[in-house]
Amino acid sequence: MAQWEMLQNLDNPFQDQLHQLYSDSLLPVDIRQHLAVWIEDQNWQEAALGNDDSKVNMLFFHFLDQLKYECGRCGQDPECFLLQHNLRKFYRDIQALPQGPTQLAEMIFNLLLEEKRILTQAQRAQLEQGDPALKTPVESQQDEIESRILELKAMMERLVKSISQLKDQQDVFCFRYKIQAQVKKFSLDPHQMRQHQLLQETLNELDRRRKEVLDATKALLGRLTTLIELLLPKLEEWKAQQQKACIGAPQEGGLEQLEKWFTAGAKLLFHLRQLLEELKGLSHLVSYQDDPLTAGVNLRKAQVLELLQRLLHRAFVVETQPCMPQTPHRPLILKTGSKFTIRTRLLVRLQEGNESLTAEVSIDKNLQSQGFRKFNILTSNQKTLTPEKGQSQGLIWDFGYLTLVEQRSGGPGKGCNKGMLGVTEELHIISITVKYTYQGLKEELKTDTLPVVIISNMNQVSIAWASVLWFNLLSSNPQNQQFFSSPPMAPWSLLGPALSWQFSSYVGRGLDPDQLSMLRNKLFGQNSRTEGALLSWADFTKRESPPGKLPFWTWLDKILELVHDHLKDLWNDGRIMGFVSRSKERRLLKKTISGTFLLRFSETSEGGITCSWVEHQDDDKVLINSLQPFTKEVLQSLPLTKIIRHYQLLTEENIPENPLCFLYPRIPRDEAFGCYYQEKVNLEERRKYLKHRLIVVSNRQVDELQQPLELKPEPEAESLELETGLDPLLQQEPCLELEPLLAAGLDLGPPLEPMLEPTLDMVPQGVSEPDLGPELRLEPLPDPASQAVPEPDLPHDLRHLNTEEMEIFRNSMKIEEIMPNGDPLLAGQNIMDEAYVFHSSHFYTDGPLIPSDY
């Protein structure tokens, strides 16, 4: 939280102190608030207390530019008139200051110190009152780091003053020593004796001050060591969070705060290093027996260098792990020949003004494993950071166009994998190095990515992601490339949340305890009740569950893909129960009223969702009906919400009805799914073509339960403005069939309930039809032998179709039962003036049909 934001949340007594502070200040409080972020990001301390006038002047002119820019922005908003006036006035006032840049820096630095003092008082008051709404441990630790940095800066200021006084004392000693050296012969003259005694006292004072300064450097170095010990665990926490975030876990915060702390610590260390160099120079000018600076300075310099090296090497991190643009939700999976990105950052934001920093990428630099495939980086593996970019955006190297190519294995052809591990179990590490130079210190910094899995085909993404998930969930060593030589087993206490992360990170909502319980039972069995249950890598990815069906991970990943592509809104709104066993499904539905249904994922099909509903019969028998699972091939053509809304079940009397009335537990169907019913109508298209609707129809009759899925198109009434020359007939295209129910090997648990295989019909939408008058009946199909001659009633371009198994109207069925609202009007037809003409049209295909895209 920014300092100014924290000040605004203080109690009234401390708010009064803040108002008093700015009532006596040249800086208006509204400008302080408007520029809070920019002001707090600048190094006012260095400008106010340092000796570099160029930095003070640069900061002063940057401040003027910022005021001018904000004034221009406020000029575009009439409501910011007062703020614009104050910005202009302050812009003129600071230019009129006698010591402009220095005076401004000192003023703002003192204001920020006073603000910090007020904050500290408020926090102490809260502690004394035992306020329960105090800060969390994380915030308390952040405050501790901030306070330590402020304390170290104050200690550094005192050390600078002490060294300045030491220089003055040494100058006095040198002057008196030169005066005394001019006396060629020692005598007992009182004046000469007094001068000699004064020289000795000056030397003693010099020695005392040197010891004090050396002690001050020791204390400062100790506090700096403590600060580093606080910062490094914070960085490790971020790395652990990043590793979990790669597999879907939520990640809190970025690197900006750590960068600020690491930079502050490094500045203090580099400053201390400079001061020690000055002390060494003083020691060379004046040296005497038992001089504390002779050995003490070298020891302190070595300690500072060690701390600096430790801080710099740990501060070079991979901010964004390797990732391909086409799979942003699944990092650490790379495909040969495809571009991927990496971003690295040096948290110590210090760069020489004329020094460019170049980072270089390599792969498997220290790989010792035999049998692993070897890769080269095909594109440029270097990135140069100029001082201008480093100053504006930080020390960030963003590699956006890296590509891997596999090395050839001796002879012609592609490389090969001769190791014991599979392609998706090989772990490869990408390294980034940079030669860092600052204030004469040169270090080669190196950082490594998390292990990546390299594939050659996008079909391998699913199993590769299982490897990434398993490694980052269980590995204690991020550099262990032989992890899958003996992969550890996963406890459910870790695996369960990780499975939930897959859904929360990819589709928005994770898994609830009931859904996790179903998955747990599927993996470990009903009898496993302890959280310490362990699952092997082979059981997770290779063992078929149930036997003869899909491995667990393949099954779950297909469901995840189905939800993301076709069911995202329903899933996030909680309309899909999803992971529920058939036995639990029966227990839930049998206690509800007839027509109650729920949506669950099929346990046997490859990415399928089914709808099950309950029927209470007159003899108190309870039937649970389930539709054959809908897969992505079906949902691409017909959304699940439309299937539920328009689903028809044909009774024995061929009367269609929708048995899906209430979503479990008892939410009316249209209330649960009504928000998804809005259909966008293209008026221009509506004028051109016949409207149609695709619906799902099931038949109760036993002999039709195993019939293949088919589409039955029925033309709807033409739009009122059918254009001349357009063929009003529906054009149909074949689509993929619904997958048949996998009957073999199913463990259905309770007694089998009928599984209804739906068919898809296209029916009219909302257009009234006239009374057809004469009664029409469906006739049985003629003998196949009689169908050798093409159907004469069919249009010329459709006479080649096989009409063998088509339905035709029979005299025994009334047309009112089929079209209760009458026949649709054709374009330009007037029911009062024209005679009715009916053209029957039936089609046969090998698979279901979907309406054409136009």
# chains A, B, ... in the order shown; residues from 1 in each chain; ligands from 1

$ residues_around --residues "segment 285-302 of chain A" --least-positions-apart "2" --cutoff "10 Å" --atoms "only C-alpha atoms" --output "number ranges by chain"
A: 170-171, 173-174, 203, 206-208, 210-215, 217-218, 221, 272-283, 304-308

$ select_by_dssp --residues "segment 119-259 of chain A" --states "alpha helix (DSSP H)" --output "PyMOL selection string"
chain A and resi 119-129+137-181+190-245+256-259

$ closest_residue --among "A:Val461, A:Leu346, A:Thr320, A:Leu570" --to "Leu334 of chain A" --atoms "only C-alpha atoms"
A:Val461

$ atom_distance --atom1 "atom CA of Leu427 of chain A" --atom2 "atom CA of Ser475 of chain A"
12.2 Å

$ closest_residue --among "A:Leu640, A:Val452, A:Ile342, A:Ala490" --to "Gly400 of chain A" --atoms "only C-alpha atoms"
A:Ile342

$ residues_around --residues "Ser493 of chain A" --least-positions-apart "2" --cutoff "8 Å" --atoms "only C-alpha atoms" --output "PyMOL selection string"
chain A and resi 491+495-497+531-532

$ write_last_selection --atoms "N, CA and C atoms" --output "compact mmCIF listing (two decimals), in the first residue's frame"
# COMPACT_ATOMS: atom_id res chain seq x y z
N PRO A 491 0.19 -37.44 -2.57
CA PRO A 491 -0.90 -37.55 -1.58
C PRO A 491 -2.11 -36.76 -2.05
N LEU A 495 -2.83 -33.37 -4.33
CA LEU A 495 -3.38 -33.59 -5.66
C LEU A 495 -4.78 -32.99 -5.80
N GLY A 496 -5.59 -33.10 -4.75
CA GLY A 496 -6.95 -32.57 -4.82
C GLY A 496 -7.00 -31.09 -5.14
N PRO A 497 -6.31 -30.23 -4.37
CA PRO A 497 -6.31 -28.80 -4.73
C PRO A 497 -5.74 -28.53 -6.11
N GLU A 531 -6.80 -38.95 4.30
CA GLU A 531 -6.18 -37.94 3.45
C GLU A 531 -4.78 -38.34 3.03
N GLY A 532 -4.21 -39.34 3.70
CA GLY A 532 -2.85 -39.75 3.37
C GLY A 532 -2.76 -40.73 2.22

$ closest_residue --among "A:Leu450, A:Asn658, A:Glu544, A:Ser605" --to "Asn477 of chain A" --atoms "only C-alpha atoms"
A:Leu450
